[in-house]
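What follows is the content of final14.pdb (PDB, C-alpha atoms, pLDDT in the B column).
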ATOM      1  CA  MET F  13       0.000   0.000   0.000  1.00 63.00           C
ATOM      2  CA  ALA F  14       1.662   3.221  -1.158  1.00 70.00           C
ATOM      3  CA  LEU F  15       1.345   6.353   0.898  1.00 73.00           C
ATOM      4  CA  ASP F  16       0.205   9.621  -0.560  1.00 88.00           C
ATOM      5  CA  PRO F  17       3.369  11.671  -1.300  1.00 87.00           C
ATOM      6  CA  ALA F  18       2.132  14.530   0.905  1.00 90.00           C
ATOM      7  CA  VAL F  19       1.560  12.135   3.811  1.00 90.00           C
ATOM      8  CA  ARG F  20       4.988  10.576   3.329  1.00 89.00           C
ATOM      9  CA  GLN F  21       6.653  13.999   3.169  1.00 90.00           C
ATOM     10  CA  ARG F  22       4.911  15.066   6.386  1.00 91.00           C
ATOM     11  CA  ALA F  23       5.924  11.789   8.094  1.00 90.00           C
ATOM     12  CA  ASP F  24       9.513  12.237   6.923  1.00 89.00           C
ATOM     13  CA  GLY F  25       9.538  15.790   8.279  1.00 91.00           C
ATOM     14  CA  ASP F  26       8.088  14.658  11.602  1.00 93.00           C
ATOM     15  CA  ALA F  27      10.686  11.899  11.916  1.00 92.00           C
ATOM     16  CA  LEU F  28      13.544  14.284  11.142  1.00 90.00           C
ATOM     17  CA  GLU F  29      12.201  16.793  13.666  1.00 92.00           C
ATOM     18  CA  ARG F  30      12.027  14.105  16.361  1.00 93.00           C
ATOM     19  CA  MET F  31      15.581  12.983  15.572  1.00 91.00           C
ATOM     20  CA  ALA F  32      16.777  16.589  15.861  1.00 90.00           C
ATOM     21  CA  LEU F  33      15.038  16.946  19.242  1.00 91.00           C
ATOM     22  CA  LEU F  34      16.626  13.715  20.436  1.00 90.00           C
ATOM     23  CA  GLN F  35      20.058  14.834  19.244  1.00 89.00           C
ATOM     24  CA  ARG F  36      19.741  18.170  21.054  1.00 87.00           C
ATOM     25  CA  ALA F  37      18.608  16.480  24.266  1.00 86.00           C
ATOM     26  CA  LEU F  38      21.468  13.977  24.121  1.00 82.00           C
ATOM     27  CA  LYS F  39      24.004  16.715  23.365  1.00 81.00           C
ATOM     28  CA  ARG F  40      22.701  18.803  26.263  1.00 80.00           C
ATOM     29  CA  ARG F  41      22.966  15.780  28.579  1.00 77.00           C
ATOM     30  CA  LEU F  42      26.487  14.958  27.421  1.00 72.00           C
ATOM     31  CA  VAL F  43      27.662  18.557  27.789  1.00 72.00           C
ATOM     32  CA  THR F  44      26.164  19.015  31.271  1.00 76.00           C
ATOM     33  CA  ALA F  45      27.208  15.609  32.641  1.00 65.00           C
ATOM     34  CA  ALA F  46      29.991  17.278  34.686  1.00 70.00           C
ATOM     35  CA  GLY F  47      32.287  14.269  34.466  1.00 66.00           C
ATOM     36  CA  ARG F  48      29.639  11.746  35.423  1.00 70.00           C
ATOM     37  CA  PRO F  49      29.245   8.824  33.018  1.00 68.00           C
ATOM     38  CA  LEU F  50      26.035   8.683  31.030  1.00 69.00           C
ATOM     39  CA  ILE F  51      24.146   5.608  32.199  1.00 69.00           C
ATOM     40  CA  LEU F  52      21.706   4.546  29.496  1.00 68.00           C
ATOM     41  CA  ASN F  53      19.939   2.074  31.753  1.00 71.00           C
ATOM     42  CA  ARG F  54      20.614   0.260  34.999  1.00 70.00           C
ATOM     43  CA  LYS F  55      22.215  -2.664  33.161  1.00 73.00           C
ATOM     44  CA  ASP F  56      24.587  -0.441  31.167  1.00 68.00           C
ATOM     45  CA  PRO F  57      28.005  -2.167  31.177  1.00 67.00           C
ATOM     46  CA  ILE F  58      29.938   1.124  31.345  1.00 64.00           C
ATOM     47  CA  GLY F  59      33.477   0.524  32.443  1.00 62.00           C
ATOM     48  CA  ALA F  60      33.267  -3.198  31.670  1.00 69.00           C
ATOM     49  CA  HIS F  61      35.779  -2.789  28.827  1.00 71.00           C
ATOM     50  CA  ILE F  62      33.389  -4.133  26.219  1.00 70.00           C
ATOM     51  CA  ASP F  63      34.020  -3.244  22.576  1.00 75.00           C
ATOM     52  CA  PHE F  64      30.921  -1.653  21.053  1.00 75.00           C
ATOM     53  CA  SER F  65      32.503  -0.742  17.706  1.00 83.00           C
ATOM     54  CA  HIS F  66      30.124  -3.091  15.865  1.00 86.00           C
ATOM     55  CA  LEU F  67      27.151  -1.225  17.368  1.00 82.00           C
ATOM     56  CA  ASP F  68      28.714   2.100  16.407  1.00 82.00           C
ATOM     57  CA  ALA F  69      29.058   0.852  12.832  1.00 85.00           C
ATOM     58  CA  MET F  70      25.415  -0.261  12.748  1.00 86.00           C
ATOM     59  CA  ALA F  71      24.288   3.089  14.142  1.00 84.00           C
ATOM     60  CA  GLU F  72      26.261   4.860  11.438  1.00 85.00           C
ATOM     61  CA  LEU F  73      24.595   2.746   8.743  1.00 84.00           C
ATOM     62  CA  LEU F  74      21.164   3.541  10.166  1.00 83.00           C
ATOM     63  CA  TRP F  75      22.013   7.226  10.381  1.00 79.00           C
ATOM     64  CA  GLN F  76      23.065   7.289   6.725  1.00 79.00           C
ATOM     65  CA  ASP F  77      19.679   5.807   5.767  1.00 74.00           C
ATOM     66  CA  THR F  78      17.853   8.713   7.434  1.00 73.00           C
ATOM     67  CA  ARG F  79      18.974  11.150   4.739  1.00 67.00           C
ATOM     68  CA  PRO F  80      16.007  12.807   3.030  1.00 66.00           C
ATOM     69  CA  PHE F  81      14.921  11.209  -0.225  1.00 61.00           C
ATOM     70  CA  ARG F  82      15.873  13.159  -3.343  1.00 53.00           C
TER      71      ARG F  82
END
Could the structure of this file be written out as structure tokens, please?
Amino acid sequence: MALDPAVRQRADGDALERMALLQRALKRRLVTAAGRPLILNRKDPIGAHIDFSHLDAMAELLWQDTRPFR
């Protein structure tokens, strides 16, 4: 089922706006952390010396796919 182009454009705009809000909130939290580590949840393995480079790579791939359609 194909979406009406106007509906898709509005949904794309809404998604990009939400991503921008999330980025600003995360940046604000990282900047104001005052040396405290950012705990994402209570089971966050911060300091456990775990390599998350594969997750970083996946996040980068997902981020690239959020570019607006042209």
request  = Using atom CA of Ser65 of chain F and atom CA of Ala46 of chain F as the two end points, give the distance in Å to one decimal.
outcome  = 24.9 Å
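The two atoms in question, atom CA of Arg20 of chain F and atom CA of Lys39 of chain F, are spaced 28.3 Å apart.
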task = Give me, please, the distance in Å between atom CA of Ala32 of chain F and atom CA of Trp75 of chain F, quoted to one decimal.
result = 12.0 Å
What lies within 10 Å of Ala27 of chain F using only C-alpha atoms, ignoring chain neighbours under 6 positions off, as a PDB file with C-alpha atoms, in the coordinates of the input?
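In the end it all went to out.pdb:
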ATOM      1  CA  GLN F  21       6.653  13.999   3.169  1.00 90.00           C
ATOM      2  CA  LEU F  33      15.038  16.946  19.242  1.00 91.00           C
ATOM      3  CA  THR F  78      17.853   8.713   7.434  1.00 73.00           C
TER       4      THR F  78
END
Once 5 Å is added on each side, what are the centre and the three edge lengths, in Å to one decimal, of the axis-aligned box enclosing the listed atoms of segment 19-34 of chain F? Present them as lines of an AutoDock Vina configuration file.
center_x = 9.2
center_y = 13.8
center_z = 11.8
size_x = 25.2
size_y = 16.4
size_z = 27.3
